[in-house]
Amino acid sequence: MPVRLPLATAAEARAWLAATFRARRRAFVVVIGLFCLASVAGLAGPQILGRLVDSVVAGSPRIDVLAVSFVVILLLQAVLKQIARARAGMLGERVLAETRERFVERALSLPLGTVEAVGTGDLLSRATTDSDRIQYAVRNALPEISVASITAVITVAAMIVTSPLLSLGLLAVPVVLFLPTRRYLRGVPPVMERMLDHWADVQTRLHETADGARTAEALSLVGRRIALGDRTLGAAIREERRLRSMAVRWVPWLQLSQVLPIAVMLLTGGWAYAAGLAGLGTVATMVMYQQALAAPVEELLWWMEDLQVSGTALRRVLGVRGHGQPRHGGTPQGREIVLRDVRYGYSADREVLHGIDLRVPPGERLAIVGPSGAGKSTLGRLLAGVATPDSGSVTIGGAEVSALPEDLLRREVLLLTQEQHVFAGTLRENLTLPAGEWTGEQLVAALDAAGLADWLATLPEGLDTRLGSGARAVPAAVAQQLALARVVLADPHTVVLDEATSLLDDSSARQLERSLRRVLDGRTVIAIAHRLHTAAAADRVAVVEDGRITELGPHAGLLAAGGSYARLVEAQAVAATRASTAE
Ligand code: ADP
């Protein structure tokens with residue numbers, strides 16, 4: 001199963017709700033006040049009808065006046081409810097917009113390592129499906145639930161005022177409902193959490209399958225992917241069913257709790273009328289109140305499940321908010337990079353780096369070489385603060401790299417990999433991705449330094465030309481050079497290069513290497529080199545084998561020593577000769 005982001009606790013969700021309420025107390029009070037007024041207006045109906053019954057019994061019916069008042073009251077109630085709903089809707093939308101903005105903020109500040117570990121599915125499902133669930137609840141459930149609960153409370157109060165004796169019938173409600181409701185409310189949250197988790201898995205699987213569709217097809221994995229999708233979907237559907245069956249078991253009790261009080265009231269009412277304790281009008285009013293109570297209670301039931309789902313969805317969304325650790329790694333005093341006994345694994349059961357010690361003085365060009373899968377890229381990620389060591393420390397100028405605040409970290413060290421994404425947006429937006437303010441001249445100068453002056457001249461709208469999907473296509477080499485221009489702008493003193501040129505054809509690679517030399521001049525450069533000729537130009541070479549640094553020293557020294565590095569160079573030379581003979 002994929003790694004998941006945590007869930008905010010119910011207490012955290014409640015605290016968030018309370019804080020949201022406090023921040024908009026006035027607006028909330030106005031909405032609740034309007035709903036109360038609408039409910040009070042609604043209570044007049046049964047009272048008027050009760051009077052009508054009494055006036056008919058007394059032999060002097062006043063149908064016209066009472067009927068007109070009845071219609072006026074109904075209209076008033078409808079208008080008040082409409083205004084209240086509109087205001088509740090607006091309030092909800094504002095709260096929702098803020099929640100989404102904060103979610104995006106938190107999601108963007110999650111450590112890259114965490115985002116990679118959880119995959120896109122969990123985060124996406126929280127940003128889309130879960131947010132939609134909250135949106136649905138805020139738009140529909142909250143106004144309806146507010147109306148229903150306020151109406152229910154006020155109706156019960158009116159019943160007690162109208163006839164305390166007949167109101168005793170209401171006691172049947174808790175007697176019937178207490179145990180089944182407690183069982184239902186306790187049982188639902190865990191099922192709901194599992195259900196939403198499974199739906200997030202469904203999204204992850206779908207995403208992976210769509211992303212890797214060609215690979216799956218090429219490797220004849222389609223059947224397996226479909227089976228995996230079915231299994232994940234099956235798990236989500238099982239939890240959905242469990243939830244439905246819990247609701248189905250609860251509903252009959254709820255319905256019984258609505259009709260039983262009427263029976264009790266009619267029986268007590270008959271007795272009280274015979275005993276002269278209540279008029280027929282009062283009995284009629286009470287029965288109508290009880291029937292009027294059925295509608296809001298049914299509404300509450302109807303929305304209860306949505307509310308529970310959105311409550312869990314809220315905890316998932318807030319779970320992302322609460323996840324980012326505040327970073328406070330102190331301020332680096334100097335530029336020396338020091339690794340002390342660094343251990344790291346992507347999962348708890350498999351360590352990839354087994355105790356790395358390394359010291360990189362400012363301005364050094366260090367090449368990291370070694371066989372594939374030895375841990376070079378992982379080491380690069382730790383050096384750039386993308387991942388945090390499980391034990392040991394990676395420091396720049398004495399400050400823990402992975403604990404540096406994001407903006408400070410990017411001025412210290414940047415990781416350049418072969419995957420450089422061009423975002424849909426203008427060239428200017430693509431360049432100013434690392435937060436910061438730059439003038440047009442600075443942006444042009446950075447493009448120039450990255451060797452993109454000629455390319456810029458070909459763009460119809462210069463810095464405001466739209467790039468990326470659906471707009472101007474950007475070749476891989478230019479995407480890499482754009483990343484270099486960002487390095488110039490962010491101006492970090494250390495750059496970690498992870499095979500920045502390996503995806504390019506030879507001429508693009510040479511062009512990029514020229515730009516690289518210019519941009520990297522004067523910075524500390526740690527280059528993860530798969531082509532060893534890069535290593536020859538470095539001040540020192542570190543050989544990583546099976547998660548350990550096995551050799552460290554200048555190119556010539558290591559060659560002379562005749563160890564792993566010498567063997568790697570020899571192997572690559574033999575491979576190159578074979579390739580050229582084959583051609
Ligand atoms: P290199 O750069 O030397 O080729 P890597 O640092 O990419 O090696 O990988 C080192 C080990 O860590 C490999 O065994 C690889 O399978 C594993 N590994 C790399 N990335 C991940 C990841 N995202 N999740 C799990 N294991 C990984």
# chains A, B, ... in the order shown; residues from 1 in each chain; ligands from 1
>>> residues_around(residues="range 125-136 of chain A", least_positions_apart="4", cutoff="10 Å", atoms="only C-alpha atoms", output="VMD selection string")
chain A and resid 5 92 to 93 95 to 97 99 to 100 103 to 104 107 120 to 121 140 to 142 196 to 197 199 to 204 306 to 307 309 to 320
>>> select_by_dssp(residues="range 189-378 of chain A", states="helix (DSSP H, G or I)", output="number ranges by chain")
A: 189-211, 213-218, 222-274, 280-321, 376-378
>>> residues_around(residues="range 151-165 of chain A", least_positions_apart="2", cutoff="7 Å", atoms="only C-alpha atoms", output="ChimeraX atom specification")
/A:39-40,43,147-149,167-168,286,289,293,296
>>> write_last_selection(atoms="N, CA and C atoms", output="CSV table (one decimal), in the first residue's frame")
chain,number,residue,atom,x,y,z
A,39,SER,N,-37.7,30.0,11.6
A,39,SER,CA,-38.3,28.9,12.3
A,39,SER,C,-39.4,29.4,13.2
A,40,VAL,N,-39.2,30.5,13.9
A,40,VAL,CA,-40.2,31.0,14.8
A,40,VAL,C,-41.5,31.3,13.9
A,43,LEU,N,-43.5,28.4,13.3
A,43,LEU,CA,-44.3,27.8,14.4
A,43,LEU,C,-45.7,28.4,14.5
A,147,VAL,N,-30.9,24.9,9.3
A,147,VAL,CA,-32.4,25.2,9.3
A,147,VAL,C,-33.1,24.1,10.1
A,148,ALA,N,-32.7,22.8,9.8
A,148,ALA,CA,-33.4,21.7,10.5
A,148,ALA,C,-33.2,21.7,12.0
A,149,SER,N,-31.9,21.9,12.4
A,149,SER,CA,-31.7,21.8,13.9
A,149,SER,C,-32.3,22.9,14.6
A,167,SER,N,-46.3,17.2,26.0
A,167,SER,CA,-44.9,17.1,25.6
A,167,SER,C,-44.2,15.9,26.1
A,168,LEU,N,-44.8,15.3,27.2
A,168,LEU,CA,-44.2,14.1,27.8
A,168,LEU,C,-44.0,13.0,26.7
A,286,MET,N,-50.5,20.2,19.0
A,286,MET,CA,-49.3,19.3,19.4
A,286,MET,C,-49.0,18.2,18.4
A,289,TYR,N,-47.3,19.9,15.5
A,289,TYR,CA,-46.0,20.2,15.8
A,289,TYR,C,-45.1,18.9,15.7
A,293,LEU,N,-42.1,18.2,13.2
A,293,LEU,CA,-40.8,17.9,13.7
A,293,LEU,C,-40.2,16.8,12.8
A,296,PRO,N,-37.8,18.2,9.8
A,296,PRO,CA,-36.4,18.6,10.1
A,296,PRO,C,-35.6,17.4,10.5
>>> residues_near_ligand(ligand="ligand 1", cutoff="10 Å", atoms="only C-alpha atoms and all ligand atoms", output="PDB file with N, CA and C atoms, in the first residue's frame")
ATOM      1  N   GLY A 113      10.632  15.217  -0.271  1.00  0.00           N
ATOM      2  CA  GLY A 113      10.750  13.785   0.021  1.00  0.00           C
ATOM      3  C   GLY A 113       9.403  13.202   0.427  1.00  0.00           C
ATOM      4  N   GLU A 116       7.088  12.913  -2.589  1.00  0.00           N
ATOM      5  CA  GLU A 116       7.468  11.779  -3.434  1.00  0.00           C
ATOM      6  C   GLU A 116       7.052  10.471  -2.784  1.00  0.00           C
ATOM      7  N   ALA A 117       7.214  10.386  -1.448  1.00  0.00           N
ATOM      8  CA  ALA A 117       6.888   9.131  -0.769  1.00  0.00           C
ATOM      9  C   ALA A 117       5.392   8.843  -0.821  1.00  0.00           C
ATOM     10  N   GLY A 119       3.306   9.918  -3.032  1.00  0.00           N
ATOM     11  CA  GLY A 119       2.814   9.853  -4.409  1.00  0.00           C
ATOM     12  C   GLY A 119       1.775  10.938  -4.626  1.00  0.00           C
ATOM     13  N   TYR A 344      20.591   6.407   5.597  1.00  0.00           N
ATOM     14  CA  TYR A 344      19.284   6.750   5.018  1.00  0.00           C
ATOM     15  C   TYR A 344      18.697   5.550   4.280  1.00  0.00           C
ATOM     16  N   GLY A 345      17.387   5.380   4.393  1.00  0.00           N
ATOM     17  CA  GLY A 345      16.681   4.354   3.621  1.00  0.00           C
ATOM     18  C   GLY A 345      15.330   4.884   3.198  1.00  0.00           C
ATOM     19  N   TYR A 346      14.825   4.458   2.028  1.00  0.00           N
ATOM     20  CA  TYR A 346      13.502   4.912   1.580  1.00  0.00           C
ATOM     21  C   TYR A 346      12.412   4.219   2.390  1.00  0.00           C
ATOM     22  N   SER A 347      12.745   3.021   2.901  1.00  0.00           N
ATOM     23  CA  SER A 347      11.795   2.351   3.792  1.00  0.00           C
ATOM     24  C   SER A 347      12.580   1.856   4.999  1.00  0.00           C
ATOM     25  N   ARG A 350      15.017  -1.247   4.625  1.00  0.00           N
ATOM     26  CA  ARG A 350      16.176  -1.333   3.715  1.00  0.00           C
ATOM     27  C   ARG A 350      16.961  -0.033   3.708  1.00  0.00           C
ATOM     28  N   GLU A 351      18.177  -0.126   4.314  1.00  0.00           N
ATOM     29  CA  GLU A 351      19.024   1.060   4.352  1.00  0.00           C
ATOM     30  C   GLU A 351      19.779   1.171   3.030  1.00  0.00           C
ATOM     31  N   VAL A 352      19.814   2.389   2.469  1.00  0.00           N
ATOM     32  CA  VAL A 352      20.479   2.582   1.170  1.00  0.00           C
ATOM     33  C   VAL A 352      21.875   3.197   1.372  1.00  0.00           C
ATOM     34  N   LEU A 353      21.975   4.141   2.295  1.00  0.00           N
ATOM     35  CA  LEU A 353      23.290   4.721   2.617  1.00  0.00           C
ATOM     36  C   LEU A 353      23.681   4.261   4.024  1.00  0.00           C
ATOM     37  N   ILE A 368      30.864  12.602  -7.930  1.00  0.00           N
ATOM     38  CA  ILE A 368      30.488  11.366  -7.252  1.00  0.00           C
ATOM     39  C   ILE A 368      30.249  10.321  -8.330  1.00  0.00           C
ATOM     40  N   VAL A 369      31.002   9.233  -8.268  1.00  0.00           N
ATOM     41  CA  VAL A 369      30.852   8.192  -9.286  1.00  0.00           C
ATOM     42  C   VAL A 369      30.562   6.857  -8.597  1.00  0.00           C
ATOM     43  N   GLY A 370      30.206   5.862  -9.411  1.00  0.00           N
ATOM     44  CA  GLY A 370      29.949   4.542  -8.834  1.00  0.00           C
ATOM     45  C   GLY A 370      28.930   3.810  -9.674  1.00  0.00           C
ATOM     46  N   PRO A 371      28.767   2.501  -9.398  1.00  0.00           N
ATOM     47  CA  PRO A 371      27.826   1.725 -10.197  1.00  0.00           C
ATOM     48  C   PRO A 371      26.386   2.181  -9.988  1.00  0.00           C
ATOM     49  N   SER A 372      25.535   1.827 -10.935  1.00  0.00           N
ATOM     50  CA  SER A 372      24.132   2.192 -10.846  1.00  0.00           C
ATOM     51  C   SER A 372      23.493   1.560  -9.605  1.00  0.00           C
ATOM     52  N   GLY A 373      22.682   2.306  -8.916  1.00  0.00           N
ATOM     53  CA  GLY A 373      21.984   1.772  -7.733  1.00  0.00           C
ATOM     54  C   GLY A 373      22.827   1.831  -6.469  1.00  0.00           C
ATOM     55  N   ALA A 374      24.041   2.454  -6.552  1.00  0.00           N
ATOM     56  CA  ALA A 374      24.929   2.477  -5.384  1.00  0.00           C
ATOM     57  C   ALA A 374      24.473   3.474  -4.324  1.00  0.00           C
ATOM     58  N   GLY A 375      23.649   4.467  -4.746  1.00  0.00           N
ATOM     59  CA  GLY A 375      23.166   5.450  -3.775  1.00  0.00           C
ATOM     60  C   GLY A 375      23.617   6.867  -4.072  1.00  0.00           C
ATOM     61  N   LYS A 376      24.103   7.118  -5.298  1.00  0.00           N
ATOM     62  CA  LYS A 376      24.643   8.452  -5.635  1.00  0.00           C
ATOM     63  C   LYS A 376      23.535   9.513  -5.623  1.00  0.00           C
ATOM     64  N   SER A 377      22.414   9.206  -6.310  1.00  0.00           N
ATOM     65  CA  SER A 377      21.323  10.194  -6.365  1.00  0.00           C
ATOM     66  C   SER A 377      20.750  10.428  -4.977  1.00  0.00           C
ATOM     67  N   THR A 378      20.684   9.361  -4.199  1.00  0.00           N
ATOM     68  CA  THR A 378      20.159   9.494  -2.844  1.00  0.00           C
ATOM     69  C   THR A 378      21.045  10.444  -2.041  1.00  0.00           C
ATOM     70  N   LEU A 379      22.352  10.280  -2.208  1.00  0.00           N
ATOM     71  CA  LEU A 379      23.295  11.151  -1.517  1.00  0.00           C
ATOM     72  C   LEU A 379      23.082  12.595  -1.968  1.00  0.00           C
ATOM     73  N   GLY A 380      22.856  12.786  -3.293  1.00  0.00           N
ATOM     74  CA  GLY A 380      22.608  14.128  -3.840  1.00  0.00           C
ATOM     75  C   GLY A 380      21.370  14.755  -3.205  1.00  0.00           C
ATOM     76  N   ARG A 381      20.329  13.944  -3.017  1.00  0.00           N
ATOM     77  CA  ARG A 381      19.084  14.467  -2.423  1.00  0.00           C
ATOM     78  C   ARG A 381      19.309  14.905  -0.978  1.00  0.00           C
ATOM     79  N   ASP A 498      22.688  16.303 -10.729  1.00  0.00           N
ATOM     80  CA  ASP A 498      22.460  14.867 -10.854  1.00  0.00           C
ATOM     81  C   ASP A 498      22.218  14.548 -12.322  1.00  0.00           C
ATOM     82  N   GLU A 499      23.241  14.184 -13.023  1.00  0.00           N
ATOM     83  CA  GLU A 499      23.143  13.793 -14.430  1.00  0.00           C
ATOM     84  C   GLU A 499      22.424  14.822 -15.270  1.00  0.00           C
ATOM     85  N   ILE A 528      27.074  14.441  -9.735  1.00  0.00           N
ATOM     86  CA  ILE A 528      26.913  12.993  -9.780  1.00  0.00           C
ATOM     87  C   ILE A 528      27.148  12.603 -11.231  1.00  0.00           C
ATOM     88  N   ALA A 529      28.278  11.957 -11.485  1.00  0.00           N
ATOM     89  CA  ALA A 529      28.724  11.770 -12.859  1.00  0.00           C
ATOM     90  C   ALA A 529      28.548  10.329 -13.295  1.00  0.00           C
ATOM     91  N   HIS A 530      27.765  10.145 -14.330  1.00  0.00           N
ATOM     92  CA  HIS A 530      27.661   8.795 -14.872  1.00  0.00           C
ATOM     93  C   HIS A 530      28.625   8.625 -16.030  1.00  0.00           C
ATOM     94  N   VAL A 544      31.190   5.884  -4.806  1.00  0.00           N
ATOM     95  CA  VAL A 544      30.165   5.312  -3.925  1.00  0.00           C
ATOM     96  C   VAL A 544      29.857   3.909  -4.403  1.00  0.00           C
ATOM     97  N   GLU A 545      29.990   2.948  -3.487  1.00  0.00           N
ATOM     98  CA  GLU A 545      29.640   1.572  -3.831  1.00  0.00           C
ATOM     99  C   GLU A 545      28.785   1.021  -2.701  1.00  0.00           C
ATOM    100  N   ASP A 546      27.669   0.476  -3.065  1.00  0.00           N
ATOM    101  CA  ASP A 546      26.773  -0.148  -2.103  1.00  0.00           C
ATOM    102  C   ASP A 546      26.527   0.724  -0.859  1.00  0.00           C
ATOM    103  N   GLY A 547      26.236   2.017  -1.117  1.00  0.00           N
ATOM    104  CA  GLY A 547      25.851   2.900  -0.021  1.00  0.00           C
ATOM    105  C   GLY A 547      26.992   3.385   0.858  1.00  0.00           C
TER     106      GLY A 547
END
>>> select_by_dssp(residues="range 509-567 of chain A", states="strand (DSSP E or B)", output="list in words")
Thr524, Val525, Ile526, Ala527, Ile528, Arg540, Val541, Ala542, Val543, Val544, Glu545, Arg548, Ile549, Thr550, Glu551, Leu552 and Gly553 of chain A
>>> write_last_selection(atoms="N, CA and C atoms", output="mmCIF file, in the first residue's frame")
data_model
loop_
_atom_site.group_PDB
_atom_site.id
_atom_site.type_symbol
_atom_site.label_atom_id
_atom_site.label_comp_id
_atom_site.auth_asym_id
_atom_site.auth_seq_id
_atom_site.Cartn_x
_atom_site.Cartn_y
_atom_site.Cartn_z
ATOM 1 N N THR A 524 30.432 25.980 -5.204
ATOM 2 C CA THR A 524 30.802 24.605 -4.877
ATOM 3 C C THR A 524 29.931 23.720 -5.764
ATOM 4 N N VAL A 525 30.544 22.757 -6.443
ATOM 5 C CA VAL A 525 29.748 21.909 -7.338
ATOM 6 C C VAL A 525 29.936 20.444 -6.959
ATOM 7 N N ILE A 526 28.832 19.770 -6.693
ATOM 8 C CA ILE A 526 28.905 18.331 -6.443
ATOM 9 C C ILE A 526 28.196 17.675 -7.613
ATOM 10 N N ALA A 527 28.954 17.023 -8.470
ATOM 11 C CA ALA A 527 28.366 16.480 -9.700
ATOM 12 C C ALA A 527 28.294 14.965 -9.627
ATOM 13 N N ILE A 528 27.074 14.441 -9.735
ATOM 14 C CA ILE A 528 26.913 12.993 -9.780
ATOM 15 C C ILE A 528 27.148 12.603 -11.231
ATOM 16 N N ARG A 540 38.140 16.602 -6.771
ATOM 17 C CA ARG A 540 38.237 15.292 -6.115
ATOM 18 C C ARG A 540 37.122 14.401 -6.640
ATOM 19 N N VAL A 541 37.317 13.116 -6.499
ATOM 20 C CA VAL A 541 36.307 12.154 -6.925
ATOM 21 C C VAL A 541 35.956 11.281 -5.719
ATOM 22 N N ALA A 542 34.643 11.091 -5.500
ATOM 23 C CA ALA A 542 34.222 10.170 -4.438
ATOM 24 C C ALA A 542 33.577 8.964 -5.110
ATOM 25 N N VAL A 543 34.048 7.779 -4.778
ATOM 26 C CA VAL A 543 33.449 6.576 -5.368
ATOM 27 C C VAL A 543 32.447 6.005 -4.363
ATOM 28 N N VAL A 544 31.190 5.884 -4.806
ATOM 29 C CA VAL A 544 30.165 5.312 -3.925
ATOM 30 C C VAL A 544 29.857 3.909 -4.403
ATOM 31 N N GLU A 545 29.990 2.948 -3.487
ATOM 32 C CA GLU A 545 29.640 1.572 -3.831
ATOM 33 C C GLU A 545 28.785 1.021 -2.701
ATOM 34 N N ARG A 548 28.251 3.181 0.387
ATOM 35 C CA ARG A 548 29.408 3.656 1.172
ATOM 36 C C ARG A 548 30.377 4.372 0.246
ATOM 37 N N ILE A 549 31.115 5.359 0.821
ATOM 38 C CA ILE A 549 32.182 5.973 0.023
ATOM 39 C C ILE A 549 33.415 5.088 0.185
ATOM 40 N N THR A 550 33.826 4.477 -0.912
ATOM 41 C CA THR A 550 34.935 3.532 -0.793
ATOM 42 C C THR A 550 36.271 4.153 -1.176
ATOM 43 N N GLU A 551 36.220 5.203 -2.002
ATOM 44 C CA GLU A 551 37.477 5.883 -2.372
ATOM 45 C C GLU A 551 37.199 7.365 -2.473
ATOM 46 N N LEU A 552 38.187 8.180 -2.107
ATOM 47 C CA LEU A 552 38.012 9.627 -2.176
ATOM 48 C C LEU A 552 39.367 10.267 -2.449
ATOM 49 N N GLY A 553 39.453 11.038 -3.524
ATOM 50 C CA GLY A 553 40.734 11.695 -3.821
ATOM 51 C C GLY A 553 40.718 12.268 -5.222
#
>>> residues_around(residues="range 174-182 of chain A", least_positions_apart="5", cutoff="7 Å", atoms="only C-alpha atoms", output="list of chain:residue names")
A:Trp250, A:Trp253, A:Leu254, A:Ser257
>>> atom_distance(atom1="CA of Val79 in chain A", atom2="CA of Ala295 in chain A")
18.9 Å
>>> closest_residue(among="A:Ala263, A:Ala535, A:Leu228, A:Met246", to="Pro189 in chain A", atoms="only C-alpha atoms")
A:Met246
>>> closest_residue(among="A:Glu305, A:Asp390, A:Glu461, A:Glu419", to="Asp341 in chain A", atoms="only C-alpha atoms")
A:Asp390
>>> closest_residue(among="A:Ala247, A:Ala235, A:Met304, A:Leu467", to="Ala137 in chain A", atoms="only C-alpha atoms")
A:Met304
>>> residues_around(residues="Glu406 in chain A", least_positions_apart="2", cutoff="10 Å", atoms="only C-alpha atoms", output="ChimeraX atom specification")
/A:109-111,327,385,401-404,408-412,434-435
>>> residues_around(residues="Glu364 in chain A", least_positions_apart="5", cutoff="12 Å", atoms="only C-alpha atoms", output="MDAnalysis selection string")
chainID A and resid 335:337 359 493:496 520:527 537:541 554
>>> atom_distance(atom1="CA of Val569 in chain A", atom2="CA of Thr417 in chain A")
23.3 Å
>>> residues_around(residues="range 422-432 of chain A", least_positions_apart="3", cutoff="6 Å", atoms="only C-alpha atoms", output="number ranges by chain")
A: 463-469, 486
>>> write_last_selection(atoms="all heavy atoms", output="PDB file, in the first residue's frame")
ATOM      1  N   LEU A 463       9.942  37.815 -22.743  1.00  0.00           N
ATOM      2  CA  LEU A 463       9.723  37.186 -21.436  1.00  0.00           C
ATOM      3  C   LEU A 463       8.259  36.814 -21.209  1.00  0.00           C
ATOM      4  O   LEU A 463       7.948  35.985 -20.356  1.00  0.00           O
ATOM      5  CB  LEU A 463      10.171  38.147 -20.324  1.00  0.00           C
ATOM      6  CG  LEU A 463      11.685  38.349 -20.184  1.00  0.00           C
ATOM      7  CD1 LEU A 463      11.964  39.457 -19.192  1.00  0.00           C
ATOM      8  CD2 LEU A 463      12.356  37.061 -19.744  1.00  0.00           C
ATOM      9  N   ASP A 464       7.357  37.444 -21.966  1.00  0.00           N
ATOM     10  CA  ASP A 464       5.936  37.160 -21.750  1.00  0.00           C
ATOM     11  C   ASP A 464       5.384  36.108 -22.710  1.00  0.00           C
ATOM     12  O   ASP A 464       4.173  35.904 -22.794  1.00  0.00           O
ATOM     13  CB  ASP A 464       5.123  38.456 -21.834  1.00  0.00           C
ATOM     14  CG  ASP A 464       5.530  39.396 -20.708  1.00  0.00           C
ATOM     15  OD1 ASP A 464       5.570  38.921 -19.556  1.00  0.00           O
ATOM     16  OD2 ASP A 464       5.868  40.565 -20.986  1.00  0.00           O
ATOM     17  N   THR A 465       6.268  35.423 -23.410  1.00  0.00           N
ATOM     18  CA  THR A 465       5.826  34.332 -24.290  1.00  0.00           C
ATOM     19  C   THR A 465       5.350  33.164 -23.418  1.00  0.00           C
ATOM     20  O   THR A 465       6.005  32.814 -22.435  1.00  0.00           O
ATOM     21  CB  THR A 465       7.005  33.845 -25.173  1.00  0.00           C
ATOM     22  OG1 THR A 465       7.581  34.990 -25.775  1.00  0.00           O
ATOM     23  CG2 THR A 465       6.541  32.852 -26.211  1.00  0.00           C
ATOM     24  N   ARG A 466       4.216  32.595 -23.816  1.00  0.00           N
ATOM     25  CA  ARG A 466       3.688  31.464 -23.034  1.00  0.00           C
ATOM     26  C   ARG A 466       4.399  30.181 -23.449  1.00  0.00           C
ATOM     27  O   ARG A 466       4.568  29.910 -24.636  1.00  0.00           O
ATOM     28  CB  ARG A 466       2.185  31.314 -23.230  1.00  0.00           C
ATOM     29  CG  ARG A 466       1.398  32.505 -22.713  1.00  0.00           C
ATOM     30  CD  ARG A 466      -0.058  32.162 -22.590  1.00  0.00           C
ATOM     31  NE  ARG A 466      -0.304  31.265 -21.463  1.00  0.00           N
ATOM     32  CZ  ARG A 466      -0.357  31.677 -20.194  1.00  0.00           C
ATOM     33  NH1 ARG A 466      -0.201  32.944 -19.899  1.00  0.00           N
ATOM     34  NH2 ARG A 466      -0.568  30.824 -19.229  1.00  0.00           N
ATOM     35  N   LEU A 467       4.803  29.397 -22.439  1.00  0.00           N
ATOM     36  CA  LEU A 467       5.519  28.146 -22.709  1.00  0.00           C
ATOM     37  C   LEU A 467       4.712  26.974 -22.171  1.00  0.00           C
ATOM     38  O   LEU A 467       3.707  27.147 -21.488  1.00  0.00           O
ATOM     39  CB  LEU A 467       6.879  28.153 -21.994  1.00  0.00           C
ATOM     40  CG  LEU A 467       7.803  29.346 -22.208  1.00  0.00           C
ATOM     41  CD1 LEU A 467       9.031  29.179 -21.326  1.00  0.00           C
ATOM     42  CD2 LEU A 467       8.213  29.448 -23.662  1.00  0.00           C
ATOM     43  N   GLY A 468       5.215  25.786 -22.454  1.00  0.00           N
ATOM     44  CA  GLY A 468       4.637  24.592 -21.837  1.00  0.00           C
ATOM     45  C   GLY A 468       3.451  24.059 -22.598  1.00  0.00           C
ATOM     46  O   GLY A 468       3.181  24.472 -23.716  1.00  0.00           O
ATOM     47  N   SER A 469       2.733  23.113 -21.940  1.00  0.00           N
ATOM     48  CA  SER A 469       1.694  22.372 -22.646  1.00  0.00           C
ATOM     49  C   SER A 469       0.634  23.328 -23.186  1.00  0.00           C
ATOM     50  O   SER A 469       0.201  24.247 -22.501  1.00  0.00           O
ATOM     51  CB  SER A 469       1.057  21.343 -21.723  1.00  0.00           C
ATOM     52  OG  SER A 469       0.470  21.992 -20.652  1.00  0.00           O
ATOM     53  N   ARG A 486      17.602  29.713 -13.595  1.00  0.00           N
ATOM     54  CA  ARG A 486      17.048  29.822 -12.235  1.00  0.00           C
ATOM     55  C   ARG A 486      18.158  29.744 -11.194  1.00  0.00           C
ATOM     56  O   ARG A 486      18.094  30.393 -10.161  1.00  0.00           O
ATOM     57  CB  ARG A 486      16.041  28.699 -11.976  1.00  0.00           C
ATOM     58  CG  ARG A 486      14.707  28.987 -12.587  1.00  0.00           C
ATOM     59  CD  ARG A 486      13.669  27.997 -12.077  1.00  0.00           C
ATOM     60  NE  ARG A 486      12.754  27.675 -13.135  1.00  0.00           N
ATOM     61  CZ  ARG A 486      12.550  26.477 -13.648  1.00  0.00           C
ATOM     62  NH1 ARG A 486      13.192  25.442 -13.156  1.00  0.00           N
ATOM     63  NH2 ARG A 486      11.708  26.294 -14.625  1.00  0.00           N
TER      64      ARG A 486
END
>>> closest_residue(among="A:Leu512, A:Ala573, A:Leu339, A:Leu416", to="Glu400 in chain A", atoms="only C-alpha atoms")
A:Leu339
>>> atom_distance(atom1="CA of Ala88 in chain A", atom2="CA of Ala292 in chain A")
23.1 Å
>>> decode(residues="range 153-161 of chain A", atoms="N, CA and C atoms", output="PDB file, in the first residue's frame")
ATOM      1  N   VAL A 153     -35.223  22.410  17.400  1.00  0.00           N
ATOM      2  CA  VAL A 153     -35.100  22.902  18.787  1.00  0.00           C
ATOM      3  C   VAL A 153     -36.275  23.836  19.121  1.00  0.00           C
ATOM      4  N   ILE A 154     -36.559  24.756  18.185  1.00  0.00           N
ATOM      5  CA  ILE A 154     -37.625  25.733  18.475  1.00  0.00           C
ATOM      6  C   ILE A 154     -39.000  25.049  18.518  1.00  0.00           C
ATOM      7  N   THR A 155     -39.196  24.051  17.644  1.00  0.00           N
ATOM      8  CA  THR A 155     -40.478  23.335  17.663  1.00  0.00           C
ATOM      9  C   THR A 155     -40.675  22.632  19.013  1.00  0.00           C
ATOM     10  N   VAL A 156     -39.606  21.977  19.471  1.00  0.00           N
ATOM     11  CA  VAL A 156     -39.720  21.280  20.764  1.00  0.00           C
ATOM     12  C   VAL A 156     -40.029  22.298  21.870  1.00  0.00           C
ATOM     13  N   ALA A 157     -39.342  23.466  21.819  1.00  0.00           N
ATOM     14  CA  ALA A 157     -39.599  24.498  22.838  1.00  0.00           C
ATOM     15  C   ALA A 157     -41.061  24.936  22.771  1.00  0.00           C
ATOM     16  N   ALA A 158     -41.579  25.134  21.543  1.00  0.00           N
ATOM     17  CA  ALA A 158     -42.974  25.567  21.395  1.00  0.00           C
ATOM     18  C   ALA A 158     -43.938  24.506  21.933  1.00  0.00           C
ATOM     19  N   MET A 159     -43.589  23.241  21.706  1.00  0.00           N
ATOM     20  CA  MET A 159     -44.458  22.156  22.202  1.00  0.00           C
ATOM     21  C   MET A 159     -44.532  22.189  23.729  1.00  0.00           C
ATOM     22  N   ILE A 160     -43.354  22.380  24.337  1.00  0.00           N
ATOM     23  CA  ILE A 160     -43.320  22.381  25.810  1.00  0.00           C
ATOM     24  C   ILE A 160     -44.140  23.555  26.341  1.00  0.00           C
ATOM     25  N   VAL A 161     -44.018  24.719  25.662  1.00  0.00           N
ATOM     26  CA  VAL A 161     -44.789  25.883  26.110  1.00  0.00           C
ATOM     27  C   VAL A 161     -46.289  25.643  25.909  1.00  0.00           C
TER      28      VAL A 161
END
